[in-house]
$ cat my_file17.txt   # compact mmCIF, C-alpha atoms and all ligand atoms
# COMPACT_ATOMS: atom_id res chain seq x y z
CA MET A 1389 -55.84 15.86 21.10
CA LYS A 1390 -55.29 14.97 24.74
CA PHE A 1391 -57.70 17.62 26.06
CA SER A 1392 -61.37 18.58 25.76
CA ARG A 1393 -62.93 22.01 25.93
CA SER A 1394 -64.73 20.88 29.09
CA ASP A 1395 -61.33 20.61 30.86
CA PHE A 1396 -61.20 24.42 30.83
CA PRO A 1397 -63.27 27.07 32.61
CA ALA A 1398 -66.52 27.96 30.82
CA ASP A 1399 -65.30 31.47 29.94
CA PHE A 1400 -61.94 30.29 28.53
CA LEU A 1401 -61.51 31.38 24.88
CA PHE A 1402 -60.03 29.26 22.15
CA GLY A 1403 -58.97 31.05 18.99
CA ALA A 1404 -56.56 31.20 16.10
CA ALA A 1405 -54.29 34.07 15.11
CA THR A 1406 -53.05 35.72 11.92
CA ALA A 1407 -51.53 39.07 10.93
CA ALA A 1408 -52.43 41.46 8.13
CA TYR A 1409 -49.27 41.47 5.98
CA GLN A 1410 -48.90 37.71 6.30
CA ILE A 1411 -52.30 36.88 4.83
CA GLU A 1412 -54.19 39.79 3.27
CA GLY A 1413 -52.46 40.50 -0.04
CA HIS A 1414 -50.96 43.93 0.44
CA LYS A 1415 -51.26 44.94 -3.22
CA PHE A 1416 -55.05 45.12 -2.98
CA GLY A 1417 -57.25 47.95 -1.79
CA GLY A 1418 -54.98 50.99 -1.90
CA ALA A 1419 -52.51 50.05 0.87
CA GLY A 1420 -49.23 51.98 0.96
CA SER A 1421 -45.73 50.54 0.76
CA THR A 1422 -44.30 49.09 3.99
CA HIS A 1423 -40.72 48.49 5.08
CA TRP A 1424 -41.34 44.77 4.44
CA ASP A 1425 -42.00 45.47 0.75
CA THR A 1426 -38.68 47.27 0.42
CA PHE A 1427 -36.74 44.86 2.69
CA ALA A 1428 -37.95 41.89 0.63
CA ALA A 1429 -36.89 43.62 -2.59
CA ALA A 1430 -33.21 43.66 -1.61
CA PRO A 1431 -31.39 40.39 -2.40
CA GLY A 1432 -30.61 37.98 0.42
CA ASN A 1433 -33.14 39.28 2.95
CA VAL A 1434 -36.08 36.95 2.26
CA VAL A 1435 -36.16 33.42 0.84
CA ARG A 1436 -36.69 33.74 -2.93
CA GLY A 1437 -37.29 37.48 -2.43
CA GLU A 1438 -40.93 36.76 -1.61
CA ASN A 1439 -43.21 39.43 -0.20
CA GLY A 1440 -46.79 39.87 1.02
CA ALA A 1441 -48.21 41.38 -2.17
CA LEU A 1442 -50.60 38.45 -2.71
CA ALA A 1443 -50.06 36.25 0.38
CA CYS A 1444 -53.28 34.23 0.97
CA ASP A 1445 -55.51 36.84 -0.72
CA HIS A 1446 -57.48 37.03 2.52
CA TYR A 1447 -58.46 40.54 1.37
CA HIS A 1448 -60.96 38.88 -0.99
CA ARG A 1449 -61.31 35.42 0.57
CA TRP A 1450 -61.98 36.47 4.17
CA PRO A 1451 -65.57 35.10 4.28
CA GLU A 1452 -64.24 31.60 3.54
CA ASP A 1453 -61.50 32.03 6.17
CA LEU A 1454 -63.91 33.24 8.84
CA ASP A 1455 -66.15 30.27 8.01
CA LEU A 1456 -63.18 27.99 8.72
CA LEU A 1457 -62.74 29.60 12.14
CA LYS A 1458 -66.40 29.19 12.93
CA GLU A 1459 -66.57 25.60 11.71
CA ALA A 1460 -63.62 24.67 13.92
CA GLY A 1461 -65.58 25.88 16.93
CA PHE A 1462 -63.29 28.78 17.82
CA ASP A 1463 -64.60 31.53 20.09
CA ALA A 1464 -62.29 34.32 19.01
CA TYR A 1465 -60.08 35.46 16.15
CA ARG A 1466 -56.83 37.36 16.64
CA PHE A 1467 -56.14 39.50 13.57
CA SER A 1468 -54.24 42.71 12.90
CA THR A 1469 -55.07 45.98 11.19
CA SER A 1470 -52.34 47.20 8.86
CA TRP A 1471 -51.16 50.75 9.49
CA ALA A 1472 -50.14 51.20 5.83
CA ARG A 1473 -53.52 49.96 4.60
CA VAL A 1474 -55.33 52.57 6.70
CA LEU A 1475 -52.76 55.35 6.23
CA PRO A 1476 -50.73 54.66 3.06
CA GLU A 1477 -48.21 57.38 3.96
CA GLY A 1478 -48.32 56.50 7.66
CA ARG A 1479 -50.08 59.77 8.51
CA GLY A 1480 -52.23 62.30 6.69
CA THR A 1481 -54.66 61.02 4.08
CA VAL A 1482 -56.79 58.05 5.14
CA ASN A 1483 -57.45 55.20 2.69
CA GLN A 1484 -61.22 54.79 3.01
CA GLN A 1485 -61.08 51.42 1.22
CA GLY A 1486 -58.84 50.17 4.02
CA LEU A 1487 -61.20 51.28 6.75
CA ASP A 1488 -64.17 49.82 4.83
CA TYR A 1489 -62.35 46.51 4.56
CA TYR A 1490 -61.72 46.24 8.32
CA ASP A 1491 -65.31 47.29 8.95
CA ARG A 1492 -66.59 44.38 6.81
CA LEU A 1493 -64.11 41.98 8.38
CA VAL A 1494 -65.17 42.79 11.94
CA ASP A 1495 -68.85 42.55 11.04
CA GLY A 1496 -68.07 39.19 9.44
CA MET A 1497 -66.57 37.97 12.73
CA LEU A 1498 -69.57 39.09 14.74
CA GLU A 1499 -71.99 37.47 12.29
CA ARG A 1500 -70.17 34.18 12.92
CA GLY A 1501 -70.08 34.57 16.69
CA LEU A 1502 -66.31 35.20 16.79
CA LYS A 1503 -64.89 37.72 19.25
CA PRO A 1504 -62.53 40.15 17.46
CA PHE A 1505 -59.08 40.38 19.12
CA GLN A 1506 -57.30 43.16 17.26
CA THR A 1507 -53.55 43.83 17.09
CA LEU A 1508 -52.72 47.41 16.12
CA TYR A 1509 -49.13 46.83 14.93
CA HIS A 1510 -47.94 43.55 13.51
CA TRP A 1511 -44.88 44.88 11.70
CA GLU A 1512 -46.10 46.92 8.71
CA MET A 1513 -44.22 50.17 9.24
CA PRO A 1514 -45.32 52.46 6.38
CA SER A 1515 -42.31 53.18 4.13
CA ALA A 1516 -42.89 56.94 4.35
CA LEU A 1517 -42.31 56.74 8.11
CA ALA A 1518 -39.41 54.31 7.72
CA ASP A 1519 -37.83 57.08 5.59
CA LEU A 1520 -37.96 59.29 8.69
CA GLY A 1521 -36.24 56.68 10.85
CA GLY A 1522 -39.25 54.52 11.78
CA TRP A 1523 -38.85 53.07 15.27
CA ALA A 1524 -35.58 54.96 15.81
CA ASN A 1525 -37.46 58.27 15.62
CA ARG A 1526 -39.18 59.34 18.83
CA ASP A 1527 -42.07 60.86 16.84
CA VAL A 1528 -43.16 57.31 15.99
CA ALA A 1529 -45.11 57.28 19.28
CA SER A 1530 -47.40 60.13 18.25
CA TRP A 1531 -47.70 58.84 14.65
CA PHE A 1532 -48.78 55.49 16.07
CA GLY A 1533 -51.16 57.22 18.47
CA ASP A 1534 -52.84 58.99 15.55
CA PHE A 1535 -53.25 55.70 13.67
CA THR A 1536 -54.73 54.19 16.84
CA ASP A 1537 -57.33 56.98 17.00
CA ILE A 1538 -58.34 56.57 13.35
CA ILE A 1539 -58.80 52.81 13.30
CA THR A 1540 -60.48 52.79 16.73
CA ALA A 1541 -62.98 55.46 15.69
CA ARG A 1542 -64.06 53.16 12.86
CA ILE A 1543 -64.14 49.65 14.39
CA GLY A 1544 -63.54 50.11 18.14
CA ASP A 1545 -67.25 49.82 18.95
CA ARG A 1546 -67.18 46.10 17.98
CA ILE A 1547 -63.77 44.95 19.25
CA SER A 1548 -63.45 42.57 22.24
CA ALA A 1549 -59.77 43.20 23.00
CA ILE A 1550 -56.96 45.33 21.54
CA GLY A 1551 -53.25 44.57 21.70
CA THR A 1552 -51.07 47.57 20.86
CA ILE A 1553 -47.86 46.00 19.54
CA ASN A 1554 -47.02 42.44 18.54
CA GLU A 1555 -43.66 41.17 19.84
CA PRO A 1556 -41.67 44.34 20.55
CA TRP A 1557 -38.44 42.30 20.82
CA CYS A 1558 -38.82 41.42 17.14
CA VAL A 1559 -39.78 44.99 16.25
CA ALA A 1560 -36.67 46.35 17.97
CA TYR A 1561 -33.86 43.81 18.50
CA LEU A 1562 -34.41 41.26 15.74
CA SER A 1563 -34.93 44.06 13.22
CA HIS A 1564 -32.36 46.69 14.28
CA TYR A 1565 -29.56 44.66 15.95
CA LEU A 1566 -29.64 41.23 14.32
CA GLY A 1567 -30.95 42.64 11.03
CA HIS A 1568 -33.09 39.58 10.30
CA HIS A 1569 -36.34 41.52 9.88
CA ALA A 1570 -37.19 44.84 8.24
CA PRO A 1571 -35.64 47.38 8.31
CA GLY A 1572 -32.62 45.03 8.47
CA LEU A 1573 -30.32 47.27 10.50
CA ARG A 1574 -27.37 46.08 12.58
CA ASP A 1575 -26.82 49.14 14.68
CA ILE A 1576 -26.82 49.39 18.46
CA ARG A 1577 -27.86 53.04 18.59
CA ALA A 1578 -30.93 52.40 16.41
CA THR A 1579 -31.63 49.27 18.50
CA ALA A 1580 -31.55 51.09 21.84
CA ARG A 1581 -33.89 53.74 20.47
CA ALA A 1582 -36.26 51.21 18.93
CA MET A 1583 -36.29 49.17 22.19
CA HIS A 1584 -37.49 52.28 24.00
CA HIS A 1585 -39.70 53.91 21.36
CA VAL A 1586 -41.67 50.73 20.70
CA LEU A 1587 -42.75 50.74 24.35
CA LEU A 1588 -43.33 54.48 24.29
CA ALA A 1589 -45.65 53.93 21.31
CA HIS A 1590 -47.45 51.23 23.31
CA GLY A 1591 -47.91 53.70 26.18
CA GLU A 1592 -49.12 56.43 23.84
CA ALA A 1593 -51.64 54.05 22.27
CA MET A 1594 -52.86 52.91 25.70
CA GLY A 1595 -53.62 56.54 26.55
CA ARG A 1596 -55.45 57.09 23.25
CA LEU A 1597 -57.47 53.88 23.66
CA ARG A 1598 -58.49 54.75 27.20
CA ALA A 1599 -59.49 58.27 26.08
CA ALA A 1600 -61.61 56.71 23.33
CA GLY A 1601 -63.46 54.63 25.94
CA MET A 1602 -61.84 51.29 25.02
CA LYS A 1603 -61.82 49.01 28.05
CA ASN A 1604 -59.85 45.87 27.20
CA ASN A 1605 -56.38 46.98 26.16
CA GLY A 1606 -53.06 45.15 26.42
CA ILE A 1607 -49.82 44.26 24.67
CA VAL A 1608 -48.51 41.05 23.09
CA LEU A 1609 -44.99 40.09 24.20
CA ASN A 1610 -42.96 37.14 22.98
CA PHE A 1611 -41.08 35.09 25.53
CA THR A 1612 -38.34 32.53 25.08
CA HIS A 1613 -37.74 30.45 28.20
CA ALA A 1614 -34.05 31.03 29.06
CA GLU A 1615 -31.99 28.25 30.70
CA PRO A 1616 -28.23 28.09 31.41
CA ALA A 1617 -26.69 25.30 29.30
CA ASP A 1618 -24.84 24.05 32.41
CA ASP A 1619 -24.19 25.07 35.98
CA SER A 1620 -21.17 27.29 35.29
CA ALA A 1621 -21.18 30.94 36.36
CA GLY A 1622 -20.63 31.96 32.72
CA SER A 1623 -23.72 30.09 31.52
CA ARG A 1624 -25.83 31.46 34.34
CA ALA A 1625 -24.73 35.01 33.54
CA ALA A 1626 -25.43 34.46 29.84
CA ALA A 1627 -28.95 33.20 30.65
CA ASP A 1628 -29.55 36.26 32.84
CA THR A 1629 -28.45 38.67 30.13
CA PHE A 1630 -30.49 36.88 27.46
CA ASP A 1631 -33.53 36.93 29.75
CA ALA A 1632 -33.02 40.64 30.44
CA VAL A 1633 -32.86 41.62 26.75
CA PHE A 1634 -35.43 39.19 25.37
CA ASN A 1635 -38.00 38.95 28.16
CA ARG A 1636 -37.54 41.28 31.13
CA TRP A 1637 -36.97 44.53 29.21
CA PHE A 1638 -40.52 44.45 27.88
CA ILE A 1639 -42.53 42.96 30.75
CA GLU A 1640 -40.71 45.06 33.37
CA GLY A 1641 -41.04 48.19 31.21
CA VAL A 1642 -44.80 47.88 30.79
CA THR A 1643 -45.66 46.60 34.28
CA GLY A 1644 -43.04 48.29 36.49
CA GLY A 1645 -41.69 51.24 34.52
CA THR A 1646 -38.10 49.96 34.78
CA TYR A 1647 -35.55 48.30 32.52
CA PRO A 1648 -33.27 45.52 33.83
CA GLN A 1649 -29.71 46.61 34.60
CA ALA A 1650 -28.19 43.70 32.63
CA ALA A 1651 -29.81 45.11 29.47
CA LEU A 1652 -29.04 48.75 30.31
CA ASP A 1653 -25.38 47.69 30.59
CA LEU A 1654 -25.57 47.04 26.82
CA PHE A 1655 -27.92 49.77 25.62
CA GLY A 1656 -27.39 52.51 28.23
CA PRO A 1657 -24.87 54.65 26.30
CA HIS A 1658 -27.11 54.59 23.23
CA MET A 1659 -30.46 55.37 24.84
CA PRO A 1660 -32.25 58.59 23.88
CA ALA A 1661 -31.71 61.44 26.36
CA GLY A 1662 -34.34 61.65 29.08
CA TRP A 1663 -35.75 58.15 28.50
CA GLN A 1664 -36.44 57.84 32.23
CA ASP A 1665 -39.15 60.51 31.92
CA ASP A 1666 -41.17 58.23 29.60
CA MET A 1667 -41.43 55.30 31.99
CA ALA A 1668 -44.72 56.44 33.56
CA THR A 1669 -46.33 56.59 30.10
CA ILE A 1670 -44.94 53.16 29.26
CA SER A 1671 -46.17 51.51 32.46
CA GLN A 1672 -49.74 52.71 32.70
CA PRO A 1673 -52.26 50.05 33.74
CA MET A 1674 -53.23 47.35 31.25
CA ASP A 1675 -56.30 45.12 31.14
CA TRP A 1676 -54.60 41.97 29.90
CA LEU A 1677 -51.25 40.55 28.84
CA GLY A 1678 -50.64 38.58 25.67
CA VAL A 1679 -47.97 35.86 25.79
CA ASN A 1680 -46.49 34.46 22.58
CA TYR A 1681 -44.43 31.36 23.25
CA TYR A 1682 -42.65 29.00 20.88
CA THR A 1683 -39.46 27.57 22.39
CA ARG A 1684 -36.62 27.72 24.92
CA ALA A 1685 -32.99 28.85 24.62
CA LEU A 1686 -29.94 27.20 26.21
CA LEU A 1687 -27.31 29.81 26.98
CA THR A 1688 -23.56 29.73 27.52
CA HIS A 1689 -20.79 32.31 27.82
CA SER A 1690 -19.48 33.80 24.58
CA ASP A 1691 -16.47 36.05 23.97
CA ALA A 1692 -17.72 37.13 20.55
CA PRO A 1693 -17.69 40.91 20.10
CA GLY A 1694 -21.21 42.39 20.37
CA SER A 1695 -22.61 39.22 21.98
CA GLY A 1696 -22.93 40.75 25.44
CA GLY A 1697 -21.33 37.52 26.68
CA VAL A 1698 -24.29 35.49 25.40
CA GLY A 1699 -23.85 32.37 23.32
CA THR A 1700 -26.38 29.65 22.52
CA VAL A 1701 -26.02 25.87 22.65
CA GLU A 1702 -28.01 23.33 20.63
CA GLY A 1703 -30.41 21.35 22.84
CA ASP A 1704 -31.39 17.76 22.08
CA LEU A 1705 -35.20 18.04 22.02
CA PRO A 1706 -37.19 17.41 18.82
CA ARG A 1707 -37.43 20.52 16.64
CA THR A 1708 -39.96 22.18 14.38
CA GLN A 1709 -39.36 23.18 10.73
CA MET A 1710 -38.04 26.51 12.11
CA GLY A 1711 -35.35 24.58 14.01
CA TRP A 1712 -36.96 25.56 17.33
CA GLU A 1713 -36.91 22.99 20.13
CA ILE A 1714 -40.31 21.75 21.26
CA TYR A 1715 -40.59 22.48 24.98
CA PRO A 1716 -44.17 22.81 26.34
CA ASP A 1717 -42.94 23.13 29.92
CA GLY A 1718 -41.44 26.50 28.95
CA LEU A 1719 -44.97 27.78 28.34
CA TYR A 1720 -46.02 26.57 31.78
CA GLN A 1721 -42.95 28.27 33.30
CA THR A 1722 -43.62 31.51 31.44
CA LEU A 1723 -47.30 31.72 32.36
CA THR A 1724 -46.74 30.97 36.05
CA ARG A 1725 -43.77 33.38 36.13
CA MET A 1726 -45.90 36.17 34.63
CA ALA A 1727 -48.61 35.66 37.25
CA ARG A 1728 -46.17 35.29 40.14
CA ASP A 1729 -43.67 38.04 39.34
CA TYR A 1730 -45.42 40.59 37.16
CA VAL A 1731 -49.17 40.68 36.56
CA GLY A 1732 -50.81 38.90 39.51
CA ASP A 1733 -54.47 38.27 38.65
CA LEU A 1734 -54.51 40.28 35.45
CA PRO A 1735 -55.95 38.14 32.62
CA ILE A 1736 -53.32 36.51 30.43
CA HIS A 1737 -53.96 35.19 26.94
CA VAL A 1738 -51.65 32.85 25.10
CA THR A 1739 -51.85 34.96 21.96
CA GLU A 1740 -49.57 32.74 19.83
CA ASN A 1741 -48.26 29.21 19.97
CA GLY A 1742 -47.78 26.81 17.11
CA MET A 1743 -45.30 24.95 14.94
CA ALA A 1744 -44.04 25.00 11.38
CA ARG A 1745 -43.88 21.72 9.52
CA PRO A 1746 -43.07 20.93 5.85
CA ASP A 1747 -46.64 19.85 5.17
CA LEU A 1748 -47.49 18.07 1.95
CA VAL A 1749 -50.85 17.32 0.39
CA GLU A 1750 -51.02 13.56 -0.14
CA ASN A 1751 -54.14 11.86 -1.51
CA GLY A 1752 -56.02 15.11 -1.01
CA ALA A 1753 -55.16 15.44 2.70
CA VAL A 1754 -52.46 16.81 5.01
CA TYR A 1755 -51.51 14.49 7.86
CA ASP A 1756 -49.61 16.44 10.54
CA PRO A 1757 -49.47 14.33 13.72
CA GLU A 1758 -46.54 16.34 15.16
CA ARG A 1759 -48.70 19.49 15.10
CA ILE A 1760 -51.52 17.65 16.86
CA ASP A 1761 -49.11 16.68 19.63
CA PHE A 1762 -47.55 20.13 19.73
CA ALA A 1763 -50.86 21.95 20.15
CA SER A 1764 -52.18 19.39 22.57
CA ASP A 1765 -49.09 19.47 24.80
CA HIS A 1766 -48.99 23.27 24.92
CA ILE A 1767 -52.71 23.50 25.69
CA LEU A 1768 -52.17 21.01 28.52
CA ALA A 1769 -49.24 23.12 29.79
CA THR A 1770 -51.64 26.08 29.80
CA ARG A 1771 -54.16 24.09 31.81
CA ARG A 1772 -51.47 23.17 34.32
CA ALA A 1773 -50.56 26.87 34.69
CA ILE A 1774 -54.22 27.69 35.36
CA ALA A 1775 -54.40 24.92 37.98
CA ASP A 1776 -51.33 26.47 39.62
CA GLY A 1777 -52.91 29.91 39.83
CA ALA A 1778 -52.17 31.77 36.58
CA ASN A 1779 -55.26 33.63 35.38
CA VAL A 1780 -55.02 32.46 31.76
CA LYS A 1781 -58.22 33.24 29.89
CA GLY A 1782 -57.46 32.26 26.29
CA PHE A 1783 -55.30 30.27 23.89
CA PHE A 1784 -54.79 31.31 20.24
CA TYR A 1785 -53.12 28.88 17.88
CA TRP A 1786 -50.61 30.39 15.41
CA SER A 1787 -51.75 30.26 12.76
CA LEU A 1788 -55.18 29.71 11.23
CA MET A 1789 -53.53 29.06 7.86
CA ASP A 1790 -50.15 28.81 6.16
CA ASN A 1791 -48.91 32.30 5.35
CA TYR A 1792 -45.98 34.63 4.69
CA GLU A 1793 -43.40 33.72 7.32
CA TRP A 1794 -41.40 36.96 6.96
CA ALA A 1795 -37.72 36.32 6.08
CA PHE A 1796 -38.60 32.67 5.33
CA GLY A 1797 -41.14 33.65 2.67
CA TYR A 1798 -43.78 30.98 2.08
CA GLU A 1799 -41.48 28.08 2.97
CA LYS A 1800 -42.46 27.51 6.60
CA ARG A 1801 -46.00 26.29 7.16
CA PHE A 1802 -47.60 27.09 10.53
CA GLY A 1803 -51.27 26.69 9.57
CA LEU A 1804 -54.08 24.48 10.76
CA VAL A 1805 -55.27 25.00 7.20
CA HIS A 1806 -53.00 24.30 4.24
CA VAL A 1807 -52.79 26.98 1.55
CA ASP A 1808 -51.71 26.15 -2.00
CA PHE A 1809 -49.85 29.34 -2.90
CA ASP A 1810 -50.53 28.83 -6.64
CA SER A 1811 -54.28 28.20 -6.58
CA LEU A 1812 -54.82 29.75 -3.09
CA LYS A 1813 -57.04 26.79 -2.28
CA ARG A 1814 -57.54 26.17 1.45
CA LEU A 1815 -57.41 22.62 2.81
CA PRO A 1816 -57.93 21.91 6.54
CA LYS A 1817 -55.14 19.68 7.89
CA ALA A 1818 -55.57 16.74 10.27
CA SER A 1819 -54.64 19.11 13.13
CA TYR A 1820 -57.62 21.34 12.27
CA THR A 1821 -59.95 18.35 12.49
CA ALA A 1822 -58.39 17.14 15.74
CA LEU A 1823 -58.69 20.57 17.35
CA LYS A 1824 -62.27 20.85 16.15
CA SER A 1825 -63.13 17.53 17.81
CA ALA A 1826 -61.46 18.54 21.08
CA LEU A 1827 -63.37 21.83 21.11
CA ALA A 1828 -66.65 20.01 20.55
CA ARG A 1829 -66.11 17.69 23.52
O1 LIG B 1 -45.27 34.33 11.98
C1 LIG B 1 -44.80 34.83 13.18
C2 LIG B 1 -45.71 35.94 13.69
O2 LIG B 1 -45.84 36.97 12.76
C3 LIG B 1 -45.17 36.53 14.96
N1 LIG B 1 -44.86 35.49 15.93
C4 LIG B 1 -44.11 34.36 15.49
C5 LIG B 1 -44.72 33.76 14.25
C6 LIG B 1 -43.91 32.53 13.80
O3 LIG B 1 -42.60 32.89 13.53
$ encode --input "my_file17.txt" --output "structure tokens" --more "lines below"
Ligand code: IFM
Amino acid sequence: MKFSRSDFPADFLFGAATAAYQIEGHKFGGAGSTHWDTFAAAPGNVVRGENGALACDHYHRWPEDLDLLKEAGFDAYRFSTSWARVLPEGRGTVNQQGLDYYDRLVDGMLERGLKPFQTLYHWEMPSALADLGGWANRDVASWFGDFTDIITARIGDRISAIGTINEPWCVAYLSHYLGHHAPGLRDIRATARAMHHVLLAHGEAMGRLRAAGMKNNGIVLNFTHAEPADDSAGSRAAADTFDAVFNRWFIEGVTGGTYPQAALDLFGPHMPAGWQDDMATISQPMDWLGVNYYTRALLTHSDAPGSGGVGTVEGDLPRTQMGWEIYPDGLYQTLTRMARDYVGDLPIHVTENGMARPDLVENGAVYDPERIDFASDHILATRRAIADGANVKGFFYWSLMDNYEWAFGYEKRFGLVHVDFDSLKRLPKASYTALKSALAR
């Protein structure tokens, strides 16, 4: 790696991230069905119809996984607590086994000197609530608030930071308009409602957390750096619209209590009545912002119906196994933009950044030099953003280990640690060792 820990401020946190459904093994411990279990069961939605029933069996193997975090020299661990594991029906009866599990997990982090960074929602909508409309139903905000109270009452006393929702664009747009993620809808009315309710649920949870005395609360947004493919007016307009729907809707909602006009032009007629009255709840003060960053998009004008005038163009940068262009400068641009235009001195954490690669075990090892460069270049981009005034306080690599990559099943490998999905054996990759050395320097 081209950096050392000593290049960063003494209080800067290095960590790795995971999410419950992607690693735990959802069939264990009395968890209820989620909309991912049912989405994966319908043909064509997920590669090979795979689901998170077993995943990495982190539910039983978590001590070994936390040891891997500690041995790498990480300071913090970003994990998520599954709503359907704690409340199998989404509300009502609590699954004590689920609460006990998260209790053990958090104690395990503290015993190893790892700061717990919790995400409340990383995409496991309980099926019973999906039956009632899930994110399209306004009541989701109070259901989510109740879940927040229950899990916080059990583990909140030991948590360093809480993020309410992971990647609301994926929760709302990718899942209700593009149909690529559960619940797999392609419906603009459901999308407009989900775009709003996901932020209303964030606001509701912020209020509950504050009332419970929690002091380090934020949200995790995903950003794609938007660039016009050329200098034409059509490409510039397409980039603006993409930026409004993908990026600005969420950051401007939670920091300013407004939605960008370019996005309201698309969703306005389908928004729930009286949405304006919720904006104060949505934009209450936060303690930190989480930035997930993977790639850029090159935009051009499109006449396709439903495109909002937005088309994409293939760039010529090297790509990851996901087909995403590798563009570390986009992380620098995003972090400095957040500080300059939206959050000022509020702490920012890079809560996800990483690459998928078709890793193979050869002679008992995984050699992944592209991942070493990827992580190194993005960590250096983060350092540059700090030097230019962004108050970035942490960097979490996605992901600690190979896991369930949603609609791509187990095909795309993001981990620093290789997982054999037959034996479930963990094997640290060359990138894990390189990161460990950099953190020790
Ligand atoms: O695996 C996902 C994660 O759940 C959310 N952010 C992006 C990652 C890679 O696609």
$ residues_near_ligand --input "my_file17.txt" --ligand "ligand LIG 1 (chain B)" --cutoff "7 Å" --atoms "all atoms listed in the file" --output "list in words"
Ala1407, His1510, Glu1555, Asn1680, Glu1740, Trp1786, Glu1793 and Trp1794 of chain A
$ write_last_selection --input "my_file17.txt" --atoms "C-alpha atoms" --output "short mmCIF file (atom, residue, chain, number, x, y, z; two decimals), in the frame of the given file"
data_model
loop_
_atom_site.label_atom_id
_atom_site.label_comp_id
_atom_site.auth_asym_id
_atom_site.auth_seq_id
_atom_site.Cartn_x
_atom_site.Cartn_y
_atom_site.Cartn_z
CA ALA A 1407 -51.53 39.07 10.93
CA HIS A 1510 -47.94 43.55 13.51
CA GLU A 1555 -43.66 41.17 19.84
CA ASN A 1680 -46.49 34.46 22.58
CA GLU A 1740 -49.57 32.74 19.83
CA TRP A 1786 -50.61 30.39 15.41
CA GLU A 1793 -43.40 33.72 7.32
CA TRP A 1794 -41.40 36.96 6.96
#
$ residues_around --input "my_file17.txt" --residues "segment 1568-1575 of chain A" --least-positions-apart "3" --cutoff "10 Å" --atoms "all atoms listed in the file" --output "ChimeraX atom specification"
/A:1422-1428,1433-1434,1511-1513,1515,1518,1521-1523,1558-1565,1578-1580,1794-1795
$ closest_atom_pairs --input "my_file17.txt" --of "segment 1575-1687 of chain A" --to "segment 1752-1776 of chain A" --cutoff "12 Å" --atoms "all atoms listed in the file" --output "tab-separated table"
residue	atom	partner	partner_atom	distance
A:Val1679	CA	A:Thr1770	CA	11.2
A:Asn1680	CA	A:His1766	CA	11.7
A:Tyr1681	CA	A:His1766	CA	9.4
A:Tyr1682	CA	A:His1766	CA	9.5
A:Thr1683	CA	A:His1766	CA	10.8
$ axis_aligned_box --input "my_file17.txt" --around "segment 1624-1633 of chain A" --padding-each-side "8 Å" --output "JSON"
{"center_x": -29.1, "center_y": 36.5, "center_z": 30.5, "size_x": 24.8, "size_y": 26.2, "size_z": 23.6}
$ atom_distance --input "my_file17.txt" --atom1 "atom CA of Arg1577 of chain A" --atom2 "atom CA of Ser1468 of chain A"
28.9 Å
$ atom_distance --input "my_file17.txt" --atom1 "atom CA of Gln1672 of chain A" --atom2 "atom CA of Gly1591 of chain A"
6.8 Å
$ residues_around --input "my_file17.txt" --residues "Val1482 of chain A" --least-positions-apart "2" --cutoff "12 Å" --atoms "all atoms listed in the file" --output "PDB file with C-alpha atoms, in the frame of the given file"
ATOM      1  CA  GLY A1418     -54.980  50.990  -1.900  1.00  0.00           C
ATOM      2  CA  ALA A1419     -52.510  50.050   0.870  1.00  0.00           C
ATOM      3  CA  GLY A1420     -49.230  51.980   0.960  1.00  0.00           C
ATOM      4  CA  TRP A1471     -51.160  50.750   9.490  1.00  0.00           C
ATOM      5  CA  ALA A1472     -50.140  51.200   5.830  1.00  0.00           C
ATOM      6  CA  ARG A1473     -53.520  49.960   4.600  1.00  0.00           C
ATOM      7  CA  VAL A1474     -55.330  52.570   6.700  1.00  0.00           C
ATOM      8  CA  LEU A1475     -52.760  55.350   6.230  1.00  0.00           C
ATOM      9  CA  PRO A1476     -50.730  54.660   3.060  1.00  0.00           C
ATOM     10  CA  GLU A1477     -48.210  57.380   3.960  1.00  0.00           C
ATOM     11  CA  GLY A1478     -48.320  56.500   7.660  1.00  0.00           C
ATOM     12  CA  ARG A1479     -50.080  59.770   8.510  1.00  0.00           C
ATOM     13  CA  GLY A1480     -52.230  62.300   6.690  1.00  0.00           C
ATOM     14  CA  GLN A1484     -61.220  54.790   3.010  1.00  0.00           C
ATOM     15  CA  GLN A1485     -61.080  51.420   1.220  1.00  0.00           C
ATOM     16  CA  GLY A1486     -58.840  50.170   4.020  1.00  0.00           C
ATOM     17  CA  LEU A1487     -61.200  51.280   6.750  1.00  0.00           C
ATOM     18  CA  ASP A1488     -64.170  49.820   4.830  1.00  0.00           C
ATOM     19  CA  ASP A1534     -52.840  58.990  15.550  1.00  0.00           C
ATOM     20  CA  PHE A1535     -53.250  55.700  13.670  1.00  0.00           C
ATOM     21  CA  ASP A1537     -57.330  56.980  17.000  1.00  0.00           C
ATOM     22  CA  ILE A1538     -58.340  56.570  13.350  1.00  0.00           C
ATOM     23  CA  ILE A1539     -58.800  52.810  13.300  1.00  0.00           C
ATOM     24  CA  ARG A1542     -64.060  53.160  12.860  1.00  0.00           C
TER      25      ARG A1542
END
$ atom_distance --input "my_file17.txt" --atom1 "atom CA of Arg1636 of chain A" --atom2 "atom CA of Thr1540 of chain A"
29.4 Å
$ closest_residue --input "my_file17.txt" --among "A:Ala1778, A:Leu1812, A:Ala1599, A:Leu1804" --to "Arg1725 of chain A" --atoms "all atoms listed in the file"
A:Ala1778
$ closest_residue --input "my_file17.txt" --among "A:Gly1417, A:Gly1403, A:Gly1595, A:Pro1616" --to "Phe1505 of chain A" --atoms "all atoms listed in the file"
A:Gly1403
